[in-house]
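A.B. asks: My structure file work-v2.pdb, PDB, C-alpha atoms, is below:
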ATOM      1  CA  SER A 276      71.253  51.890  -5.049
ATOM      2  CA  ASP A 277      68.677  53.667  -2.889
ATOM      3  CA  ALA A 278      66.726  54.550  -6.045
ATOM      4  CA  GLY A 279      66.871  50.919  -7.194
ATOM      5  CA  ALA A 280      65.656  49.703  -3.834
ATOM      6  CA  ALA A 281      62.812  52.194  -3.922
ATOM      7  CA  ALA A 282      61.886  51.123  -7.430
ATOM      8  CA  GLY A 283      61.900  47.466  -6.371
ATOM      9  CA  ALA A 284      59.707  48.227  -3.369
ATOM     10  CA  GLY A 285      57.344  50.135  -5.638
ATOM     11  CA  ASP A 286      57.088  47.162  -8.017
ATOM     12  CA  GLU A 287      56.348  44.813  -5.112
ATOM     13  CA  GLU A 288      53.681  47.189  -3.827
ATOM     14  CA  GLU A 289      52.070  47.381  -7.281
ATOM     15  CA  GLU A 290      52.132  43.578  -7.551
ATOM     16  CA  GLY A 291      50.553  43.348  -4.103
ATOM     17  CA  ASP A 292      47.855  45.855  -5.056
ATOM     18  CA  ALA A 293      47.146  43.986  -8.289
ATOM     19  CA  GLU A 294      46.882  40.669  -6.440
ATOM     20  CA  LEU A 295      44.584  42.192  -3.837
ATOM     21  CA  GLU A 296      42.403  43.733  -6.552
ATOM     22  CA  ALA A 297      42.192  40.411  -8.377
ATOM     23  CA  ARG A 298      41.211  38.668  -5.138
ATOM     24  CA  GLU A 299      38.542  41.293  -4.426
ATOM     25  CA  LYS A 300      37.117  40.853  -7.945
ATOM     26  CA  GLU A 301      37.019  37.082  -7.442
ATOM     27  CA  LEU A 302      35.216  37.412  -4.128
ATOM     28  CA  THR A 303      32.832  40.036  -5.506
ATOM     29  CA  SER A 304      31.965  37.824  -8.461
ATOM     30  CA  GLN A 305      30.893  35.062  -6.040
ATOM     31  CA  VAL A 306      28.478  37.295  -4.142
ATOM     32  CA  PRO A 307      25.486  36.985  -6.548
ATOM     33  CA  SER A 308      25.675  33.182  -6.608
ATOM     34  CA  LEU A 309      26.023  33.050  -2.814
ATOM     35  CA  LEU A 310      23.032  35.361  -2.353
ATOM     36  CA  ASP A 311      21.030  33.290  -4.810
ATOM     37  CA  ALA A 312      21.881  30.095  -2.900
ATOM     38  CA  MET A 313      20.937  31.737   0.411
ATOM     39  CA  ASN A 314      17.615  32.956  -1.020
ATOM     40  CA  ARG A 315      16.774  29.521  -2.426
ATOM     41  CA  THR A 316      17.625  27.807   0.842
ATOM     42  CA  SER A 317      15.673  30.384   2.857
ATOM     43  CA  SER A 318      12.628  29.835   0.634
ATOM     44  CA  GLU A 319      12.956  26.075   1.071
ATOM     45  CA  VAL A 320      13.141  26.444   4.870
ATOM     46  CA  ASN A 321      10.026  28.639   4.887
ATOM     47  CA  ALA A 322       8.106  26.236   2.627
ATOM     48  CA  LEU A 323       9.050  23.215   4.746
ATOM     49  CA  GLU A 324       8.081  24.984   7.961
ATOM     50  CA  ARG A 325       4.682  25.895   6.461
ATOM     51  CA  GLN A 326       4.148  22.265   5.422
ATOM     52  CA  LEU A 327       5.259  21.126   8.871
ATOM     53  CA  GLY A 328       2.799  23.506  10.551
ATOM     54  CA  ASP A 329      -0.031  22.286   8.302
ATOM     55  CA  GLY A 330       0.874  18.667   9.053
ATOM     56  CA  GLN A 331       0.878  19.295  12.808
ATOM     57  CA  ASP A 332      -2.551  20.948  12.536
ATOM     58  CA  ARG A 333      -3.910  17.979  10.578
ATOM     59  CA  HIS A 334      -2.447  15.539  13.106
ATOM     60  CA  LYS A 335      -4.048  17.439  15.994
ATOM     61  CA  LYS A 336      -7.463  17.379  14.290
ATOM     62  CA  LEU A 337      -7.131  13.684  13.436
ATOM     63  CA  LEU A 338      -6.216  12.899  17.035
ATOM     64  CA  GLU A 339      -9.278  14.803  18.260
ATOM     65  CA  GLN A 340     -11.467  12.895  15.772
ATOM     66  CA  TRP A 341      -9.984   9.585  16.936
ATOM     67  CA  SER A 342     -10.696  10.458  20.582
ATOM     68  CA  ARG A 343     -14.312  11.355  19.769
ATOM     69  CA  LEU A 344     -14.738   8.159  17.775
ATOM     70  CA  TYR A 345     -13.363   6.065  20.624
ATOM     71  CA  GLU A 346     -15.682   7.715  23.140
ATOM     72  CA  ASP A 347     -18.658   7.122  20.818
ATOM     73  CA  LEU A 348     -17.771   3.446  20.518
ATOM     74  CA  ARG A 349     -17.261   3.220  24.262
ATOM     75  CA  ALA A 350     -20.727   4.689  24.792
ATOM     76  CA  GLN A 351     -22.121   2.154  22.331
ATOM     77  CA  HIS A 352     -20.396  -0.972  23.692
ATOM     78  CA  GLY A 353     -19.697   0.032  27.279
ATOM     79  CA  ILE A 354     -16.679  -1.410  29.059
ATOM     80  CA  ALA A 355     -16.558  -4.223  26.497
ATOM     81  CA  ILE A 356     -14.668  -1.883  24.174
ATOM     82  CA  ASP A 357     -11.947  -1.434  26.793
ATOM     83  CA  ARG A 358     -11.871  -5.157  27.492
ATOM     84  CA  VAL A 359     -11.270  -6.171  23.873
ATOM     85  CA  ARG A 360      -8.910  -3.321  23.018
ATOM     86  CA  PRO A 361      -5.711  -5.242  23.998
ATOM     87  CA  TYR A 362      -6.619  -7.909  21.442
ATOM     88  CA  PHE A 363      -6.920  -5.413  18.590
ATOM     89  CA  ASP A 364      -3.746  -3.635  19.703
ATOM     90  CA  ALA A 365      -1.988  -7.008  19.579
ATOM     91  CA  ALA A 366      -3.457  -7.617  16.120
ATOM     92  CA  GLN A 367      -1.905  -4.373  14.903
ATOM     93  CA  VAL A 368       1.450  -5.370  16.352
ATOM     94  CA  LEU A 369       1.184  -8.706  14.533
ATOM     95  CA  ASN A 370       0.329  -6.993  11.235
ATOM     96  CA  ALA A 371       3.355  -4.715  11.604
ATOM     97  CA  ALA A 372       5.573  -7.704  12.455
ATOM     98  CA  SER A 373       4.258  -9.569   9.419
ATOM     99  CA  ARG A 374       5.076  -6.662   7.107
ATOM    100  CA  ARG A 375       8.530  -6.445   8.676
ATOM    101  CA  VAL A 376       9.169 -10.152   8.022
ATOM    102  CA  GLN A 377       8.102  -9.766   4.392
ATOM    103  CA  GLY A 378      10.442  -6.802   3.990
ATOM    104  CA  VAL A 379      13.505  -8.484   5.497
ATOM    105  CA  VAL A 380      12.855 -11.649   3.479
ATOM    106  CA  ARG A 381      13.096  -9.572   0.301
ATOM    107  CA  GLU A 382      16.259  -7.863   1.577
ATOM    108  CA  PHE A 383      17.839 -11.176   2.570
ATOM    109  CA  SER A 384      16.957 -12.738  -0.777
ATOM    110  CA  ALA A 385      18.538  -9.806  -2.648
ATOM    111  CA  ALA A 386      21.689  -9.975  -0.487
ATOM    112  CA  ALA A 387      21.958 -13.745  -0.978
ATOM    113  CA  SER A 388      21.650 -13.306  -4.754
ATOM    114  CA  LEU A 389      24.407 -10.678  -4.778
ATOM    115  CA  HIS A 390      26.636 -12.945  -2.706
ATOM    116  CA  ALA A 391      26.081 -15.876  -5.064
ATOM    117  CA  GLN A 392      26.810 -13.663  -8.064
ATOM    118  CA  ALA A 393      30.000 -12.348  -6.443
ATOM    119  CA  LYS A 394      31.211 -15.894  -5.800
ATOM    120  CA  MET A 395      30.542 -16.834  -9.422
ATOM    121  CA  GLU A 396      32.498 -13.807 -10.609
ATOM    122  CA  LEU A 397      35.412 -14.725  -8.342
ATOM    123  CA  ARG A 398      35.425 -18.311  -9.635
ATOM    124  CA  ALA A 399      35.371 -17.016 -13.218
ATOM    125  CA  ILE A 400      38.396 -14.804 -12.516
ATOM    126  CA  GLU A 401      40.243 -17.661 -10.820
ATOM    127  CA  SER A 402      39.494 -19.937 -13.781
ATOM    128  CA  SER A 403      40.698 -17.364 -16.303
ATOM    129  CA  PHE A 404      43.992 -17.113 -14.403
ATOM    130  CA  ALA A 405      44.187 -20.893 -13.874
ATOM    131  CA  TYR A 406      44.474 -19.909 -10.211
ATOM    132  CA  GLY A 407      44.242 -22.637  -7.611
ATOM    133  CA  ALA A 408      44.909 -25.610  -9.872
ATOM    134  CA  HIS A 409      48.646 -25.094  -9.645
ATOM    135  CA  LYS A 410      51.093 -22.364  -8.802
ATOM    136  CA  VAL A 411      50.968 -19.504 -11.290
ATOM    137  CA  THR A 412      52.526 -16.081 -11.310
ATOM    138  CA  LEU A 413      50.015 -13.235 -11.634
ATOM    139  CA  ASP A 414      50.924  -9.805 -12.882
ATOM    140  CA  ARG A 415      49.898  -6.697 -10.945
ATOM    141  CA  ASP A 416      46.626  -6.161 -12.838
ATOM    142  CA  GLN A 417      45.622  -9.783 -12.340
ATOM    143  CA  GLN A 418      46.459  -9.612  -8.628
ATOM    144  CA  ASP A 419      44.393  -6.426  -8.291
ATOM    145  CA  ALA A 420      41.426  -7.999 -10.096
ATOM    146  CA  LEU A 421      41.617 -11.093  -7.905
ATOM    147  CA  SER A 422      41.909  -8.994  -4.728
ATOM    148  CA  ARG A 423      38.929  -6.795  -5.671
ATOM    149  CA  ALA A 424      36.785  -9.833  -6.453
ATOM    150  CA  THR A 425      37.769 -11.519  -3.170
ATOM    151  CA  VAL A 426      37.000  -8.398  -1.140
ATOM    152  CA  HIS A 427      33.654  -8.058  -2.969
ATOM    153  CA  VAL A 428      32.738 -11.629  -2.016
ATOM    154  CA  LEU A 429      33.616 -10.968   1.628
ATOM    155  CA  ARG A 430      31.540  -7.778   1.726
ATOM    156  CA  CYS A 431      28.588  -9.510   0.106
ATOM    157  CA  GLN A 432      28.942 -12.336   2.636
ATOM    158  CA  GLN A 433      28.894  -9.837   5.507
ATOM    159  CA  GLU A 434      25.793  -8.141   4.093
ATOM    160  CA  ARG A 435      24.074 -11.498   3.545
ATOM    161  CA  ASP A 436      24.864 -12.539   7.134
ATOM    162  CA  ARG A 437      23.582  -9.205   8.468
ATOM    163  CA  ARG A 438      20.316  -9.580   6.545
ATOM    164  CA  GLU A 439      19.990 -13.141   7.780
ATOM    165  CA  GLN A 440      20.323 -11.949  11.386
ATOM    166  CA  GLU A 441      17.692  -9.271  10.750
ATOM    167  CA  TYR A 442      15.378 -11.926   9.352
ATOM    168  CA  ALA A 443      15.892 -14.109  12.423
ATOM    169  CA  ARG A 444      15.040 -11.169  14.726
ATOM    170  CA  ALA A 445      11.993 -10.209  12.654
ATOM    171  CA  LEU A 446      10.746 -13.801  12.640
ATOM    172  CA  ARG A 447      11.205 -14.035  16.424
ATOM    173  CA  ASP A 448       9.233 -10.779  16.884
ATOM    174  CA  TYR A 449       6.483 -12.130  14.622
ATOM    175  CA  GLU A 450       6.220 -15.381  16.567
ATOM    176  CA  GLU A 451       6.038 -13.464  19.866
ATOM    177  CA  ALA A 452       3.328 -11.169  18.437
ATOM    178  CA  GLN A 453       1.345 -14.194  17.225
ATOM    179  CA  GLU A 454       1.593 -15.803  20.666
ATOM    180  CA  ALA A 455       0.435 -12.583  22.357
ATOM    181  CA  LEU A 456      -2.564 -12.329  20.025
ATOM    182  CA  ASP A 457      -3.544 -15.940  20.691
ATOM    183  CA  ASN A 458      -3.325 -15.342  24.449
ATOM    184  CA  TRP A 459      -5.590 -12.285  24.262
ATOM    185  CA  ARG A 460      -8.097 -14.189  22.114
ATOM    186  CA  ALA A 461      -8.226 -16.951  24.691
ATOM    187  CA  GLN A 462      -8.814 -14.454  27.522
ATOM    188  CA  ILE A 463     -11.413 -12.294  25.772
ATOM    189  CA  GLY A 464     -13.321 -14.860  23.734
ATOM    190  CA  ASP A 465     -14.315 -14.924  20.073
ATOM    191  CA  ALA A 466     -17.866 -13.664  20.717
ATOM    192  CA  ALA A 467     -16.744 -10.322  22.195
ATOM    193  CA  ILE A 468     -14.098  -9.901  19.502
ATOM    194  CA  LYS A 469     -16.591 -10.574  16.712
ATOM    195  CA  ARG A 470     -19.161  -8.188  18.213
ATOM    196  CA  THR A 471     -16.735  -5.252  18.418
ATOM    197  CA  LEU A 472     -14.745  -6.002  15.242
ATOM    198  CA  PRO A 473     -16.504  -3.451  12.960
ATOM    199  CA  SER A 474     -15.979  -0.693  15.531
ATOM    200  CA  PHE A 475     -12.307  -1.454  15.960
ATOM    201  CA  ARG A 476     -11.806  -1.545  12.206
ATOM    202  CA  GLN A 477     -12.953   2.085  12.152
ATOM    203  CA  LEU A 478     -10.477   2.913  14.920
ATOM    204  CA  GLN A 479      -7.626   1.095  13.210
ATOM    205  CA  LYS A 480      -8.287   2.862   9.916
ATOM    206  CA  HIS A 481      -8.119   6.162  11.773
ATOM    207  CA  GLN A 482      -4.957   5.076  13.594
ATOM    208  CA  THR A 483      -3.304   4.243  10.266
ATOM    209  CA  THR A 484      -4.112   7.738   8.991
ATOM    210  CA  LEU A 485      -2.659   9.177  12.206
ATOM    211  CA  ALA A 486       0.507   7.100  11.854
ATOM    212  CA  ASN A 487       0.963   8.164   8.225
ATOM    213  CA  GLU A 488       0.581  11.827   9.173
ATOM    214  CA  GLN A 489       3.080  11.420  12.013
ATOM    215  CA  GLY A 490       5.537   9.823   9.603
ATOM    216  CA  ARG A 491       5.092  12.759   7.232
ATOM    217  CA  ILE A 492       5.704  15.189  10.103
ATOM    218  CA  ASN A 493       8.897  13.349  11.081
ATOM    219  CA  SER A 494      10.144  13.479   7.488
ATOM    220  CA  LEU A 495       9.380  17.209   7.157
ATOM    221  CA  THR A 496      11.097  17.883  10.482
ATOM    222  CA  GLU A 497      14.298  16.205   9.273
ATOM    223  CA  ARG A 498      14.163  17.995   5.920
ATOM    224  CA  ALA A 499      13.618  21.373   7.593
ATOM    225  CA  LYS A 500      16.497  20.711   9.983
ATOM    226  CA  HIS A 501      18.797  19.853   7.070
ATOM    227  CA  ALA A 502      17.676  22.905   5.060
ATOM    228  CA  LYS A 503      18.360  25.186   8.034
ATOM    229  CA  GLN A 504      21.840  23.728   8.397
ATOM    230  CA  VAL A 505      22.515  24.326   4.690
ATOM    231  CA  TYR A 506      21.257  27.902   5.046
ATOM    232  CA  HIS A 507      23.502  28.635   8.042
ATOM    233  CA  ASN A 508      26.477  27.115   6.220
ATOM    234  CA  SER A 509      25.872  29.396   3.219
ATOM    235  CA  MET A 510      26.021  32.557   5.331
TER     236      MET A 510
END
Would you put the structure from the file into structure tokens?
C.D. replies:
Amino acid sequence: SDAGAAAGAGDEEEEGDAELEAREKELTSQVPSLLDAMNRTSSEVNALERQLGDGQDRHKKLLEQWSRLYEDLRAQHGIAIDRVRPYFDAAQVLNAASRRVQGVVREFSAAASLHAQAKMELRAIESSFAYGAHKVTLDRDQQDALSRATVHVLRCQQERDRREQEYARALRDYEEAQEALDNWRAQIGDAAIKRTLPSFRQLQKHQTTLANEQGRINSLTERAKHAKQVYHNSM
């Protein structure tokens, strides 16, 4: 009996060794793919950080150019450039608000179309089941189809309402921006605005380039942050 027990223990030990060896082989086989993933992610992090550094350098140079341009215009027009600046700042705010309104109108229109389509699909399902005209018994598949269509209509309604609220806010912001611009025009006068308009168009063009570069920097920062997180997770 002792010999049998010993033999059984030996078999269990061999099975344990075999299982451990199989597990080690499985883990070892994953190493090349893990290293490859780490190397790819590391390269992506390095590339994004280089792009981010280049973008920050460009933004710094653009900001310096903008400052020099503003000082040149100030030397040319004197304090008039400072006096009319609030008007042109307000004009930029209005342009941004106008673009925002156009964007949310498109989003609201798309959401309204989806909602209308969902309601049509629900009515079609109800008609095919003769549902609503009189009491009918629906099987499970029909009940599921009707429930899914009803939920879809409700979700589309919620999205349409959300887009409508966004449109209302965007329109209110636009109206406030238009009022602010009109107030600045009344204070400053059309003559001063017209005289400095070409100069401020140069500044605004430069500001747009600055804003685009800042947006690119923000995007690269987020991508680099995500890539670093992926790299740390792969270790």
A.B. asks: So, counting all atoms listed in the file, which residue among A:Arg435, A:Phe363, A:Arg325, A:Ala371 is closest to Ile468 in chain A?
C.D. replies: A:Phe363
A.B. asks: Give me the result of the PyMOL selection byres ((chain A and resi 383-398) around 6) on this file, residue by residue, as a list in words.
C.D. replies: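 This file gives the following for the PyMOL selection byres ((chain A and resi 383-398) around 6): Val379, Val380, Arg381, Glu382, Ala399, Ile400, Glu401, Ala424, Val428, Cys431, Gln432, Arg435, Arg438 and Glu439 of chain A.
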A.B. asks: Considering only C-alpha atoms, state which residue in the set A:Gly490, A:Glu451, A:Leu495, A:Ala466 is at the smallest distance from Ala365 in chain A.
C.D. replies: A:Glu451
A.B. asks: Rounded to one decimal, what separation in Å do you get between CA of Lys500 in chain A and CA of Gln331 in chain A?
C.D. replies: 15.9 Å
A.B. asks: Between A:Tyr442, A:Lys469, A:Gln462, A:Gln477, which residue has the minimum interatomic distance to Arg375 in chain A, considering all atoms listed in the file?
C.D. replies: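 Result for the nearest residue to Arg375 in chain A: A:Tyr442.
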A.B. asks: Put a box with edges along x, y and z around all the listed atoms of range 449-467 of chain A, pad it by 4 Å on each side, then give me its centre and sizes in Å, one decimal, as AutoDock Vina command-line options.
C.D. replies:
--center_x -5.7 --center_y -13.6 --center_z 21.1 --size_x 32.3 --size_y 14.6 --size_z 20.9
A.B. asks: Between A:Leu478, A:Ala502, A:Lys335, A:His507, single out the one closest to Asp347 in chain A, counting only C-alpha atoms.
C.D. replies: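 Ranked by minimum distance to Asp347 in chain A, first place goes to A:Leu478.
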A.B. asks: Please, what distance in Å, to one decimal, runs between CA of Tyr362 in chain A and CA of Tyr449 in chain A?
C.D. replies: 15.4 Å
A.B. asks: Regenerate range 467-485 of chain A at the level of N, CA and C atoms and dump it as a PDB file, keeping the file's coordinate frame.
C.D. replies:
ATOM      1  N   ALA A 467     -16.963 -11.751  21.943  1.00  0.00           N
ATOM      2  CA  ALA A 467     -16.744 -10.322  22.195  1.00  0.00           C
ATOM      3  C   ALA A 467     -15.913  -9.691  21.085  1.00  0.00           C
ATOM      4  N   ILE A 468     -14.945 -10.424  20.586  1.00  0.00           N
ATOM      5  CA  ILE A 468     -14.098  -9.901  19.502  1.00  0.00           C
ATOM      6  C   ILE A 468     -14.939  -9.677  18.246  1.00  0.00           C
ATOM      7  N   LYS A 469     -15.769 -10.673  17.909  1.00  0.00           N
ATOM      8  CA  LYS A 469     -16.591 -10.574  16.712  1.00  0.00           C
ATOM      9  C   LYS A 469     -17.593  -9.436  16.821  1.00  0.00           C
ATOM     10  N   ARG A 470     -18.141  -9.220  18.010  1.00  0.00           N
ATOM     11  CA  ARG A 470     -19.161  -8.188  18.213  1.00  0.00           C
ATOM     12  C   ARG A 470     -18.572  -6.782  18.037  1.00  0.00           C
ATOM     13  N   THR A 471     -17.343  -6.591  18.460  1.00  0.00           N
ATOM     14  CA  THR A 471     -16.735  -5.252  18.418  1.00  0.00           C
ATOM     15  C   THR A 471     -15.810  -5.044  17.203  1.00  0.00           C
ATOM     16  N   LEU A 472     -15.674  -6.078  16.365  1.00  0.00           N
ATOM     17  CA  LEU A 472     -14.745  -6.002  15.242  1.00  0.00           C
ATOM     18  C   LEU A 472     -15.018  -4.817  14.306  1.00  0.00           C
ATOM     19  N   PRO A 473     -16.267  -4.578  13.866  1.00  0.00           N
ATOM     20  CA  PRO A 473     -16.504  -3.451  12.960  1.00  0.00           C
ATOM     21  C   PRO A 473     -16.084  -2.105  13.566  1.00  0.00           C
ATOM     22  N   SER A 474     -16.337  -1.949  14.866  1.00  0.00           N
ATOM     23  CA  SER A 474     -15.979  -0.693  15.531  1.00  0.00           C
ATOM     24  C   SER A 474     -14.464  -0.505  15.561  1.00  0.00           C
ATOM     25  N   PHE A 475     -13.762  -1.580  15.884  1.00  0.00           N
ATOM     26  CA  PHE A 475     -12.307  -1.454  15.960  1.00  0.00           C
ATOM     27  C   PHE A 475     -11.665  -1.293  14.591  1.00  0.00           C
ATOM     28  N   ARG A 476     -12.333  -1.776  13.551  1.00  0.00           N
ATOM     29  CA  ARG A 476     -11.806  -1.545  12.206  1.00  0.00           C
ATOM     30  C   ARG A 476     -11.839  -0.048  11.874  1.00  0.00           C
ATOM     31  N   GLN A 477     -12.897   0.623  12.328  1.00  0.00           N
ATOM     32  CA  GLN A 477     -12.953   2.085  12.152  1.00  0.00           C
ATOM     33  C   GLN A 477     -11.786   2.758  12.879  1.00  0.00           C
ATOM     34  N   LEU A 478     -11.562   2.333  14.132  1.00  0.00           N
ATOM     35  CA  LEU A 478     -10.477   2.913  14.920  1.00  0.00           C
ATOM     36  C   LEU A 478      -9.113   2.653  14.274  1.00  0.00           C
ATOM     37  N   GLN A 479      -8.912   1.446  13.797  1.00  0.00           N
ATOM     38  CA  GLN A 479      -7.626   1.095  13.210  1.00  0.00           C
ATOM     39  C   GLN A 479      -7.375   1.857  11.917  1.00  0.00           C
ATOM     40  N   LYS A 480      -8.423   2.066  11.146  1.00  0.00           N
ATOM     41  CA  LYS A 480      -8.287   2.862   9.916  1.00  0.00           C
ATOM     42  C   LYS A 480      -7.857   4.281  10.262  1.00  0.00           C
ATOM     43  N   HIS A 481      -8.462   4.819  11.327  1.00  0.00           N
ATOM     44  CA  HIS A 481      -8.119   6.162  11.773  1.00  0.00           C
ATOM     45  C   HIS A 481      -6.691   6.204  12.324  1.00  0.00           C
ATOM     46  N   GLN A 482      -6.307   5.143  13.046  1.00  0.00           N
ATOM     47  CA  GLN A 482      -4.957   5.076  13.594  1.00  0.00           C
ATOM     48  C   GLN A 482      -3.903   5.009  12.489  1.00  0.00           C
ATOM     49  N   THR A 483      -4.228   4.315  11.402  1.00  0.00           N
ATOM     50  CA  THR A 483      -3.304   4.243  10.266  1.00  0.00           C
ATOM     51  C   THR A 483      -3.103   5.614   9.652  1.00  0.00           C
ATOM     52  N   THR A 484      -4.208   6.370   9.518  1.00  0.00           N
ATOM     53  CA  THR A 484      -4.112   7.738   8.991  1.00  0.00           C
ATOM     54  C   THR A 484      -3.262   8.607   9.917  1.00  0.00           C
ATOM     55  N   LEU A 485      -3.462   8.439  11.218  1.00  0.00           N
ATOM     56  CA  LEU A 485      -2.659   9.177  12.206  1.00  0.00           C
ATOM     57  C   LEU A 485      -1.175   8.828  12.086  1.00  0.00           C
TER      58      LEU A 485
END
